file structure05.cif (mmCIF, C-alpha atoms and all ligand atoms)
data_model
loop_
_atom_site.label_atom_id
_atom_site.label_comp_id
_atom_site.auth_asym_id
_atom_site.auth_seq_id
_atom_site.Cartn_x
_atom_site.Cartn_y
_atom_site.Cartn_z
CA MET A 1 33.79 -76.09 53.58
CA SER A 2 35.72 -75.17 56.73
CA VAL A 3 38.58 -77.67 56.52
CA LEU A 4 40.03 -78.94 53.26
CA ALA A 5 42.11 -82.12 53.24
CA THR A 6 43.95 -83.47 50.23
CA THR A 7 47.19 -85.35 49.61
CA VAL A 8 49.47 -84.07 46.84
CA ASN A 9 52.91 -85.46 46.03
CA GLY A 10 53.40 -87.18 49.38
CA VAL A 11 52.11 -84.28 51.50
CA ALA A 12 48.80 -84.52 53.35
CA ARG A 13 47.58 -80.94 53.25
CA ILE A 14 45.12 -79.69 55.85
CA GLU A 15 43.80 -76.21 55.11
CA ILE A 16 41.80 -74.30 57.71
CA ALA A 17 39.31 -72.59 55.43
CA ARG A 18 36.74 -70.43 57.18
CA PRO A 19 37.99 -66.96 56.25
CA GLU A 20 34.65 -65.24 56.91
CA LYS A 21 35.19 -66.01 60.63
CA LYS A 22 38.96 -65.56 60.53
CA ASN A 23 39.37 -69.34 60.52
CA ALA A 24 37.95 -69.63 64.06
CA ILE A 25 37.81 -73.37 64.76
CA THR A 26 34.57 -75.10 65.78
CA ALA A 27 34.23 -78.57 67.30
CA ALA A 28 33.14 -79.87 63.89
CA MET A 29 36.34 -78.45 62.35
CA TYR A 30 38.53 -80.04 65.05
CA GLN A 31 36.87 -83.34 64.21
CA LEU A 32 37.58 -82.89 60.49
CA MET A 33 41.22 -82.11 61.24
CA ALA A 34 41.52 -85.11 63.57
CA ASP A 35 40.05 -87.29 60.81
CA ALA A 36 42.51 -85.83 58.30
CA PHE A 37 45.41 -86.72 60.61
CA ALA A 38 44.09 -90.27 60.99
CA ALA A 39 43.79 -90.62 57.20
CA ALA A 40 47.34 -89.31 56.73
CA HIS A 41 48.61 -91.76 59.33
CA ASP A 42 47.01 -94.67 57.46
CA ASP A 43 48.05 -93.53 53.97
CA PRO A 44 51.51 -94.85 53.04
CA ALA A 45 51.63 -92.28 50.23
CA ALA A 46 51.58 -89.44 52.77
CA ARG A 47 55.13 -88.83 54.03
CA ALA A 48 54.44 -85.54 55.84
CA ILE A 49 51.49 -83.42 56.98
CA LEU A 50 51.07 -79.70 56.30
CA ILE A 51 48.72 -77.37 58.19
CA TYR A 52 47.99 -73.89 56.83
CA GLY A 53 45.28 -71.25 56.54
CA GLN A 54 44.69 -68.37 54.16
CA ASN A 55 47.01 -65.60 52.96
CA ASP A 56 45.89 -63.18 55.67
CA ILE A 57 44.88 -65.48 58.54
CA PHE A 58 46.10 -68.72 60.07
CA THR A 59 43.38 -68.98 62.71
CA ALA A 60 41.60 -66.78 65.27
CA GLY A 61 41.70 -69.83 67.58
CA ASN A 62 38.75 -71.54 69.13
CA ASP A 63 35.36 -70.36 67.91
CA LEU A 64 34.25 -68.47 71.00
CA GLU A 65 30.53 -68.89 70.35
CA ASP A 66 30.89 -72.63 69.82
CA PHE A 67 33.08 -72.80 72.93
CA LEU A 68 30.39 -71.12 75.04
CA LYS A 69 27.54 -73.22 73.65
CA ASN A 70 29.35 -76.58 73.45
CA PRO A 71 32.32 -76.57 75.82
CA PRO A 72 34.47 -79.70 75.40
CA ALA A 73 32.80 -82.31 77.61
CA ASP A 74 35.81 -84.55 78.25
CA MET A 75 39.15 -85.73 76.86
CA ASN A 76 37.26 -87.35 73.93
CA ALA A 77 36.01 -83.99 72.69
CA PRO A 78 37.04 -83.14 69.10
CA VAL A 79 39.59 -80.54 70.22
CA PHE A 80 41.39 -83.20 72.27
CA GLN A 81 41.17 -85.69 69.41
CA PHE A 82 42.79 -83.14 67.10
CA MET A 83 45.55 -82.17 69.53
CA GLN A 84 46.23 -85.83 70.36
CA ALA A 85 46.46 -86.63 66.65
CA LEU A 86 48.88 -83.73 66.19
CA GLY A 87 50.91 -84.42 69.33
CA TYR A 88 51.24 -88.14 68.61
CA ALA A 89 51.63 -87.89 64.82
CA GLU A 90 54.42 -90.24 63.78
CA LYS A 91 54.95 -88.44 60.49
CA PRO A 92 56.52 -84.96 60.38
CA VAL A 93 54.05 -82.09 60.73
CA ILE A 94 54.85 -78.75 59.09
CA ALA A 95 52.90 -75.53 59.69
CA ALA A 96 52.75 -72.50 57.38
CA VAL A 97 51.41 -69.38 59.10
CA ASN A 98 50.15 -66.17 57.51
CA GLY A 99 48.50 -63.43 59.57
CA ALA A 100 47.14 -64.03 63.06
CA ALA A 101 47.62 -67.27 64.98
CA VAL A 102 45.56 -66.85 68.14
CA GLY A 103 45.25 -69.17 71.14
CA ILE A 104 45.30 -72.75 69.97
CA GLY A 105 46.64 -71.37 66.67
CA THR A 106 49.92 -70.64 68.47
CA THR A 107 49.69 -73.57 70.86
CA MET A 108 49.44 -76.11 68.04
CA LEU A 109 52.68 -74.78 66.52
CA MET A 110 54.63 -75.93 69.57
CA HIS A 111 53.57 -79.50 68.69
CA CYS A 112 54.56 -79.21 65.01
CA ASP A 113 58.01 -80.25 63.80
CA LEU A 114 58.74 -77.38 61.42
CA VAL A 115 57.05 -73.96 61.46
CA TYR A 116 57.36 -71.29 58.77
CA CYS A 117 55.63 -67.93 58.97
CA ALA A 118 55.06 -64.78 56.97
CA ASP A 119 56.48 -61.43 58.03
CA ASN A 120 52.84 -60.32 58.60
CA SER A 121 52.26 -63.03 61.22
CA ILE A 122 51.17 -62.17 64.75
CA PHE A 123 51.03 -64.88 67.40
CA SER A 124 49.11 -64.51 70.64
CA MET A 125 47.88 -66.56 73.54
CA PRO A 126 45.26 -64.35 75.23
CA PHE A 127 44.02 -67.07 77.58
CA VAL A 128 44.16 -64.95 80.75
CA SER A 129 42.29 -62.02 79.21
CA LEU A 130 39.59 -64.51 78.17
CA GLY A 131 39.22 -65.76 81.76
CA LEU A 132 40.96 -69.00 80.80
CA CYS A 133 44.39 -70.59 81.25
CA PRO A 134 46.94 -72.19 78.88
CA GLU A 135 46.08 -75.51 77.24
CA PHE A 136 47.77 -78.45 75.53
CA ALA A 137 51.07 -77.95 77.34
CA SER A 138 51.69 -74.35 76.25
CA SER A 139 52.41 -73.47 79.91
CA PHE A 140 55.25 -76.03 79.71
CA LEU A 141 56.43 -75.77 76.10
CA MET A 142 56.51 -71.96 75.95
CA PRO A 143 58.98 -71.53 78.87
CA LEU A 144 60.89 -74.59 77.60
CA ASN A 145 61.40 -72.86 74.23
CA ALA A 146 61.63 -69.20 75.17
CA GLY A 147 62.52 -69.07 78.89
CA TYR A 148 60.33 -68.36 81.90
CA HIS A 149 60.28 -64.54 81.87
CA LYS A 150 59.43 -64.33 78.17
CA ALA A 151 56.67 -66.89 78.73
CA VAL A 152 55.22 -64.75 81.51
CA GLU A 153 54.93 -61.77 79.14
CA LYS A 154 53.21 -63.91 76.53
CA LEU A 155 50.99 -66.10 78.73
CA LEU A 156 50.24 -64.01 81.81
CA LEU A 157 50.13 -60.56 80.15
CA GLY A 158 49.10 -61.94 76.74
CA ASP A 159 51.52 -59.75 74.78
CA PRO A 160 51.46 -60.47 71.03
CA ILE A 161 54.51 -62.01 69.33
CA SER A 162 55.82 -60.70 66.01
CA ALA A 163 57.26 -62.98 63.33
CA ASP A 164 60.87 -62.08 64.17
CA GLU A 165 60.24 -62.46 67.90
CA ALA A 166 58.68 -65.88 67.26
CA VAL A 167 61.98 -66.98 65.68
CA GLU A 168 63.92 -65.59 68.67
CA MET A 169 61.54 -67.46 70.97
CA LYS A 170 62.22 -70.67 69.04
CA ILE A 171 58.61 -71.38 68.13
CA VAL A 172 59.17 -70.62 64.40
CA ASN A 173 61.95 -71.81 62.09
CA ARG A 174 61.99 -69.07 59.51
CA VAL A 175 60.21 -65.88 58.35
CA LEU A 176 59.32 -65.52 54.66
CA PRO A 177 57.41 -63.08 52.44
CA PRO A 178 53.64 -63.77 52.75
CA ASP A 179 53.29 -65.12 49.21
CA ASP A 180 56.17 -67.59 49.67
CA VAL A 181 55.31 -69.24 52.99
CA VAL A 182 53.02 -72.05 51.87
CA ASP A 183 55.15 -72.88 48.80
CA PHE A 184 58.29 -73.02 50.93
CA ALA A 185 56.56 -75.20 53.54
CA ILE A 186 55.35 -77.55 50.79
CA LYS A 187 58.91 -77.86 49.45
CA GLN A 188 60.21 -78.65 52.93
CA ALA A 189 57.44 -81.22 53.42
CA GLU A 190 58.20 -82.84 50.05
CA ARG A 191 61.80 -83.42 51.14
CA PHE A 192 60.47 -86.27 53.30
CA ASN A 193 59.51 -88.10 50.07
CA LEU A 194 63.23 -88.71 49.54
CA LEU A 195 63.99 -89.92 53.06
CA PRO A 196 63.49 -93.42 54.55
CA PRO A 197 60.15 -93.20 56.39
CA ALA A 198 60.91 -95.60 59.25
CA SER A 199 64.09 -93.68 60.05
CA VAL A 200 62.18 -90.38 59.94
CA ARG A 201 59.53 -91.75 62.33
CA ALA A 202 62.12 -93.17 64.76
CA THR A 203 64.16 -89.96 64.76
CA LYS A 204 61.08 -87.81 65.36
CA ARG A 205 60.05 -90.04 68.27
CA LEU A 206 63.52 -89.87 69.80
CA LEU A 207 63.78 -86.10 69.36
CA ARG A 208 60.59 -85.63 71.38
CA SER A 209 60.99 -88.38 73.96
CA GLY A 210 62.82 -86.16 76.48
CA TRP A 211 59.76 -84.14 77.40
CA LYS A 212 56.93 -86.54 76.40
CA THR A 213 55.96 -87.63 79.93
CA ALA A 214 56.13 -84.10 81.32
CA THR A 215 54.02 -82.81 78.42
CA GLU A 216 51.31 -85.41 79.02
CA LYS A 217 51.15 -84.55 82.73
CA VAL A 218 50.85 -80.82 82.05
CA ILE A 219 48.14 -81.36 79.41
CA ALA A 220 46.00 -83.23 81.95
CA ASP A 221 46.60 -80.57 84.61
CA GLU A 222 45.77 -77.71 82.22
CA ALA A 223 42.66 -79.49 80.92
CA ASN A 224 41.33 -79.75 84.45
CA SER A 225 41.75 -75.99 85.08
CA PHE A 226 40.68 -74.98 81.57
CA GLY A 227 37.46 -77.02 81.79
CA GLN A 228 36.48 -75.28 85.04
CA MET A 229 37.42 -71.81 83.79
CA LEU A 230 35.52 -72.21 80.54
CA ARG A 231 32.33 -72.42 82.60
CA SER A 232 33.31 -69.52 84.91
CA ALA A 233 31.76 -66.05 85.20
CA GLU A 234 35.12 -64.48 84.22
CA ALA A 235 35.16 -66.33 80.89
CA LYS A 236 31.51 -65.52 80.27
CA GLU A 237 32.23 -61.81 80.73
CA ALA A 238 35.28 -62.00 78.42
CA PHE A 239 33.46 -63.90 75.66
CA THR A 240 30.36 -61.69 75.85
CA ALA A 241 32.54 -58.57 75.66
CA PHE A 242 34.21 -59.89 72.47
CA PHE A 243 30.88 -60.32 70.70
CA GLU A 244 29.59 -56.98 72.05
CA ARG A 245 32.81 -55.38 70.75
CA ARG A 246 33.64 -53.81 74.11
CA LYS A 247 36.40 -54.21 76.69
CA PRO A 248 35.68 -56.84 79.37
CA ASP A 249 35.12 -55.62 82.94
CA PHE A 250 36.78 -57.90 85.48
CA SER A 251 36.54 -55.36 88.35
CA LYS A 252 33.71 -57.26 90.08
CA PHE A 253 35.71 -60.48 90.39
CA ALA A 254 37.82 -61.25 93.47
N1 LIG A 301 35.35 -67.04 67.48
C1 LIG A 301 34.21 -66.74 66.82
N2 LIG A 301 34.13 -65.78 65.89
C2 LIG A 301 35.25 -65.10 65.61
C3 LIG A 301 36.47 -65.37 66.26
C4 LIG A 301 36.49 -66.38 67.22
N3 LIG A 301 37.62 -66.73 67.86
N4 LIG A 301 37.42 -64.54 65.75
C5 LIG A 301 36.81 -63.76 64.83
N5 LIG A 301 35.50 -64.12 64.74
C6 LIG A 301 34.48 -63.54 63.86
C7 LIG A 301 34.05 -62.16 64.34
O1 LIG A 301 33.04 -62.28 65.32
C8 LIG A 301 33.56 -61.57 63.04
O2 LIG A 301 32.30 -62.10 62.75
P1 LIG A 301 31.14 -61.15 62.10
O3 LIG A 301 31.73 -60.66 60.80
O4 LIG A 301 29.98 -62.08 61.92
O5 LIG A 301 30.93 -60.03 63.09
C9 LIG A 301 34.52 -62.13 62.00
O6 LIG A 301 35.07 -63.32 62.57
C10 LIG A 301 35.65 -61.21 61.65
O7 LIG A 301 36.35 -60.89 62.86
P2 LIG A 301 36.92 -59.43 63.20
O8 LIG A 301 37.23 -59.36 64.67
O9 LIG A 301 36.00 -58.38 62.67
O10 LIG A 301 38.27 -59.42 62.32
P3 LIG A 301 39.58 -58.52 62.55
O11 LIG A 301 40.39 -58.68 61.30
O12 LIG A 301 39.22 -57.15 63.00
O13 LIG A 301 40.38 -59.23 63.77
C11 LIG A 301 41.25 -61.08 65.01
C12 LIG A 301 40.90 -60.53 63.62
C13 LIG A 301 41.67 -62.54 64.84
C14 LIG A 301 42.42 -60.27 65.60
C15 LIG A 301 40.04 -60.94 65.94
O14 LIG A 301 38.89 -61.46 65.26
C16 LIG A 301 40.13 -61.63 67.26
O15 LIG A 301 40.82 -61.16 68.16
N6 LIG A 301 39.41 -62.77 67.43
C17 LIG A 301 39.29 -63.45 68.68
C18 LIG A 301 40.53 -64.25 68.98
C19 LIG A 301 40.38 -65.05 70.26
O16 LIG A 301 40.20 -64.50 71.33
N7 LIG A 301 40.41 -66.38 70.11
C20 LIG A 301 40.24 -67.32 71.16
C21 LIG A 301 41.53 -67.77 71.72
S1 LIG A 301 41.30 -69.03 72.96
#
call {"tool": "encode", "arguments": {"input": "structure05.cif", "output": "structure tokens"}}
result
Amino acid sequence: MSVLATTVNGVARIEIARPEKKNAITAAMYQLMADAFAAAHDDPAARAILIYGQNDIFTAGNDLEDFLKNPPADMNAPVFQFMQALGYAEKPVIAAVNGAAVGIGTTMLMHCDLVYCADNSIFSMPFVSLGLCPEFASSFLMPLNAGYHKAVEKLLLGDPISADEAVEMKIVNRVLPPDDVVDFAIKQAERFNLLPPASVRATKRLLRSGWKTATEKVIADEANSFGQMLRSAEAKEAFTAFFERRKPDFSKFA
């Protein structure tokens, strides 16, 4: 099973569970996660949603092989359904990160409401080195959180982000020992069981309303560029190099 969904004590838990491939996410997995969000939305017993991975890996991001073979065809593709479900979730979404959070693994955190990570976490958004560009508003939300020049280091140069730096950059709430992260995130999520749900939903909506329209515009703009780049020769070279375990050679591209 690659995604496990279960609701325990008011928390809809979504576990990315494909450790043999470092939790790389396929289209089928995005669909399962989108379905889990829809079920949590409809379940009055679920007061909050928790996303997490394994003790040593959150996710290696999009499954590169799946991406090459089945690039998202349009805005109805499973990856969009998942990110829409996350971005428009009315209930609070909490993420618990251990290990690497690559690409969409970091992007999705900027759409969560609370993010906790282990001191072994490493965040990265290597879109440019993959011949791609940012997606799902990371080109907007990253500078909004961390400032333009920091965002350039992370998105244009693709520099990794340590756990402490992620807190400084305001994309993570708190760093914890690896064994404590998921338990702490569950406790935080369970606090919503004691709060009035309509007030929680209204407050979440209001907190995010200031940049909602801008976010939607950027997502559409990025999707347009990303879709073209995913089919480009630059991306093909980058993806092939990853599976051939060699450095990509972009010298032939103008
Ligand atoms: N897509 C498909 N397969 C992936 C993957 C991905 N994004 N990330 C890892 N895997 C696979 C590897 O191919 C390998 O498979 P194999 O055992 O059949 O050869 C397996 O998962 C283990 O990966 P490996 O690279 O050996 O693990 P590691 O611990 O040395 O490194 C990462 C972990 C996450 C740093 C590294 O796998 C990585 O950089 N992955 C690619 C991240 C990426 O570019 N994501 C896309 C962002 S848009």
call {"tool": "closest_residue", "arguments": {"input": "structure05.cif", "among": "A:Phe67, A:Tyr148, A:Phe136, A:Phe253", "to": "Glu222 of chain A", "atoms": "only C-alpha atoms"}}
result
A:Phe136
call {"tool": "axis_aligned_box", "arguments": {"input": "structure05.cif", "around": "ligand LIG 301 (chain A)", "padding_each_side": "5 Å", "output": "AutoDock Vina command-line options"}}
result
--center_x 36.2 --center_y -63.1 --center_z 66.9 --size_x 22.4 --size_y 21.9 --size_z 22.2
call {"tool": "atom_distance", "arguments": {"input": "structure05.cif", "atom1": "atom O1 of ligand LIG 301 (chain A)", "atom2": "atom CA of Gly53 of chain A"}}
result
17.5 Å
call {"tool": "atom_distance", "arguments": {"input": "structure05.cif", "atom1": "atom CA of Gln188 of chain A", "atom2": "atom CA of Thr7 of chain A"}}
result
15.0 Å
call {"tool": "closest_residue", "arguments": {"input": "structure05.cif", "among": "A:Val8, A:Ala101, A:Ala254, A:Ala96", "to": "ligand LIG 301 (chain A)", "atoms": "all atoms listed in the file"}}
result
A:Ala101
call {"tool": "closest_residue", "arguments": {"input": "structure05.cif", "among": "A:Ala40, A:Ala17, A:Leu132, A:Ala48", "to": "ligand LIG 301 (chain A)", "atoms": "all atoms listed in the file"}}
result
A:Leu132
call {"tool": "closest_residue", "arguments": {"input": "structure05.cif", "among": "A:Ala39, A:Leu64, A:Ile161, A:Ala46", "to": "Ile25 of chain A", "atoms": "all atoms listed in the file"}}
result
A:Leu64
call {"tool": "closest_atom_pairs", "arguments": {"input": "structure05.cif", "of": "chain A", "to": "ligand LIG 301 (chain A)", "cutoff": "10 Å", "atoms": "only C-alpha atoms and all ligand atoms", "output": "tab-separated table"}}
result
residue	atom	partner	partner_atom	distance
A:Arg18	CA	A:LIG301	O6	9.1
A:Pro19	CA	A:LIG301	O6	7.9
A:Glu20	CA	A:LIG301	C9	6.0
A:Lys21	CA	A:LIG301	O6	3.3
A:Lys22	CA	A:LIG301	O6	4.9
A:Asn23	CA	A:LIG301	N4	7.4
A:Ala24	CA	A:LIG301	C4	4.8
A:Ile25	CA	A:LIG301	N1	7.3
A:Thr26	CA	A:LIG301	N1	8.3
A:Asp56	CA	A:LIG301	O11	9.1
A:Ile57	CA	A:LIG301	C13	7.7
A:Phe58	CA	A:LIG301	C13	9.0
A:Thr59	CA	A:LIG301	C13	7.0
A:Ala60	CA	A:LIG301	C13	4.3
A:Gly61	CA	A:LIG301	N7	4.5
A:Asn62	CA	A:LIG301	C20	4.9
A:Asp63	CA	A:LIG301	N1	3.3
A:Leu64	CA	A:LIG301	N1	4.0
A:Glu65	CA	A:LIG301	C1	5.5
A:Asp66	CA	A:LIG301	C1	7.4
A:Phe67	CA	A:LIG301	N1	8.2
A:Leu68	CA	A:LIG301	N1	9.9
A:Gly99	CA	A:LIG301	C13	8.7
A:Ala100	CA	A:LIG301	C13	5.9
A:Ala101	CA	A:LIG301	C13	7.6
A:Val102	CA	A:LIG301	C21	5.5
A:Gly103	CA	A:LIG301	C21	4.0
A:Ile104	CA	A:LIG301	S1	6.2
A:Gly105	CA	A:LIG301	C21	8.0
A:Thr106	CA	A:LIG301	C21	9.4
A:Thr107	CA	A:LIG301	S1	9.8
A:Ile122	CA	A:LIG301	C14	9.0
A:Phe123	CA	A:LIG301	C14	9.9
A:Ser124	CA	A:LIG301	C21	8.3
A:Met125	CA	A:LIG301	C21	6.7
A:Pro126	CA	A:LIG301	C21	6.2
A:Phe127	CA	A:LIG301	S1	5.7
A:Val128	CA	A:LIG301	S1	9.2
A:Ser129	CA	A:LIG301	O16	8.5
A:Leu130	CA	A:LIG301	O16	6.9
A:Gly131	CA	A:LIG301	S1	9.6
A:Leu132	CA	A:LIG301	S1	7.8
A:Cys133	CA	A:LIG301	S1	9.0
A:Pro134	CA	A:LIG301	S1	8.8
A:Glu135	CA	A:LIG301	S1	9.1
A:Ala238	CA	A:LIG301	O16	9.0
A:Phe239	CA	A:LIG301	O16	8.0
A:Phe242	CA	A:LIG301	C17	7.3
A:Phe243	CA	A:LIG301	O1	6.1
A:Glu244	CA	A:LIG301	O1	9.2
A:Arg245	CA	A:LIG301	O8	8.5
call {"tool": "atom_distance", "arguments": {"input": "structure05.cif", "atom1": "atom CA of Gly87 of chain A", "atom2": "atom CA of Asp35 of chain A"}}
result
14.1 Å
call {"tool": "closest_residue", "arguments": {"input": "structure05.cif", "among": "A:Lys236, A:Arg231, A:Lys170, A:Arg246", "to": "Pro72 of chain A", "atoms": "all atoms listed in the file"}}
result
A:Arg231
call {"tool": "residues_around", "arguments": {"input": "structure05.cif", "residues": "Asp42 of chain A", "least_positions_apart": "5", "cutoff": "12 Å", "atoms": "all atoms listed in the file", "output": "PDB file with C-alpha atoms, in the frame of the given file"}}
result
ATOM      1  CA  ALA A  12      48.800 -84.520  53.350  1.00  0.00           C
ATOM      2  CA  ASP A  35      40.050 -87.290  60.810  1.00  0.00           C
ATOM      3  CA  ALA A  36      42.510 -85.830  58.300  1.00  0.00           C
ATOM      4  CA  PHE A  37      45.410 -86.720  60.610  1.00  0.00           C
ATOM      5  CA  ARG A  47      55.130 -88.830  54.030  1.00  0.00           C
ATOM      6  CA  ALA A  48      54.440 -85.540  55.840  1.00  0.00           C
ATOM      7  CA  ALA A  89      51.630 -87.890  64.820  1.00  0.00           C
ATOM      8  CA  GLU A  90      54.420 -90.240  63.780  1.00  0.00           C
ATOM      9  CA  LYS A  91      54.950 -88.440  60.490  1.00  0.00           C
TER      10      LYS A  91
END
